[in-house]
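**Q** Below is a structure I'd like to ask you about.
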Amino acid sequence: MSDDRGTQSSDRTGRSDSDGEGGSTGGDDEGKAATWPVALSGVTETVVTTLGPNGLWNAAALGLHAGDPVTARTWGNTRTRRNFHRQGECYIQFVDDPVTFANAALSILESSEPVLESACAWCRVAVERVDTGTDGGTDWEEWALWPLQSRIERETVPTIDRGFGAVVEATVAASRLDVGDYDEDELRDRLAYYASVVDRAGGSREREALERVRKHSSW
């Protein structure tokens, strides 16, 4: 499940490298500053992949908080948190496929490669723990993310899909169902509403993604 959503058991609540203008950041080139492949504002929902001790890349949802530096939080003893400590870096992926996002947010999704096929852009980043705390009995760690290398895989004309937004919110609510500090009835009411939005305003991928939310949670 998602690494930024407050659940102790979850893993959560074109091909040219990017230099900030659609080309590459040679994060490996000493003295050349890397940049994010897209402009960030507010909290941007992404999929993060981290290398596990089994040699596979674990995918999870991760919310990026815009700033200098960009930061993110992991909640509980998740795979992402452990791999952050173990490896000190990860791949941040910007995806526009709701099924990929739902699977990453609420299930164990592993692959042999760090970059998912559905990534529109990605950024390899170094992670540095900058703060820790506890909220509602769940330990959290805050991480600064420093871009090392990035690439834009494809460019698309942006569209606004209320169904995709509802899927994202459904993964947040579903990941909190088994967390004691949250009211389960209220969460289930939210999930019913998000499902109605997907039904009215989503497409086939959003509907499939919502079914993945049901499958991978206690909803």
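Within each chain, counting starts at residue 1; across the structure tokens, chains are named A, B, ... in the order shown, with ligands numbered 1 upward in that order.
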As number ranges by chain, please: every residue in stretch 38-198 of chain A that a backbone DSSP assignment puts in strand (DSSP E).
**A** A: 43-51, 57-65, 70-75, 89-95, 109-111, 119-135, 138-152
**Q** Give me the residues near A:Ser118 as a PDB file with C-alpha atoms, in the first residue's frame, where near means some atom within 8 Å (using only C-alpha atoms) and where sequence neighbours in that chain fewer than 4 positions away do not count.
**A**
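Result saved to around_5.pdb:
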```pdb
ATOM      1  CA  VAL A  95       2.323   8.073 -14.493  1.00  0.00           C
ATOM      2  CA  ASP A  96      -1.027   8.759 -16.136  1.00  0.00           C
ATOM      3  CA  ASP A  97      -2.422   5.228 -15.866  1.00  0.00           C
ATOM      4  CA  THR A 100      -0.683   1.319 -12.387  1.00  0.00           C
TER       5      THR A 100
END
```
**Q** Could you give me, as CSV, every stretch 69-180 of chain A residue with an atom at most 8 Å from stretch 185-195 of chain A, plus its closest atom pair and distance in Å to one decimal, counting only C-alpha atoms, rows ordered by chain then number?
**A**
```
residue,atom,partner,partner_atom,distance
A:Ala166,CA,A:Tyr194,CA,5.0
A:Val167,CA,A:Tyr194,CA,7.0
A:Glu169,CA,A:Tyr194,CA,7.3
A:Ala170,CA,A:Leu191,CA,5.7
A:Ala173,CA,A:Leu187,CA,5.7
A:Ala174,CA,A:Leu191,CA,7.4
A:Arg176,CA,A:Leu187,CA,7.8
A:Leu177,CA,A:Leu187,CA,6.8
```
**Q** Can you list, as number ranges by chain, all residues belonging to stretch 16-178 of chain A that DSSP tags as alpha helix (DSSP H)?
**A** A: 79-87, 98-106, 162-175
**Q** Considering only C-alpha atoms, return as a short mmCIF file (atom, residue, chain, number, x, y, z; two decimals) with C-alpha atoms, in the first residue's frame whatever protein or nucleic-acid residues lie within 6 Å of stretch 37-54 of chain A, sequence-local ones (same chain, fewer than 5 positions apart) excluded.
**A**
```
data_model
loop_
_atom_site.label_atom_id
_atom_site.label_comp_id
_atom_site.auth_asym_id
_atom_site.auth_seq_id
_atom_site.Cartn_x
_atom_site.Cartn_y
_atom_site.Cartn_z
CA SER A 18 15.91 15.93 -18.94
CA GLY A 20 14.92 21.04 -17.38
CA ALA A 59 6.66 0.14 -6.60
CA ALA A 60 4.55 2.24 -4.21
CA ALA A 61 2.60 5.48 -4.29
CA LEU A 62 4.43 8.52 -2.93
CA GLY A 63 3.25 12.12 -2.60
CA LEU A 64 5.89 14.75 -3.43
CA HIS A 65 5.65 18.03 -1.51
CA ALA A 66 6.94 20.86 -3.67
CA ASN A 83 14.88 0.45 0.88
CA CYS A 90 15.03 5.65 -5.77
CA TYR A 91 13.22 6.33 -9.03
CA ILE A 92 10.28 8.73 -8.97
CA GLN A 93 7.81 8.08 -11.81
CA PHE A 94 5.11 10.29 -13.19
CA SER A 150 15.76 12.37 -15.24
#
```
**Q** Of the residues A:Val179, A:Leu148, A:Val213, A:Val130, which is the one nearest to A:Arg73, using only C-alpha atoms?
**A** A:Val130
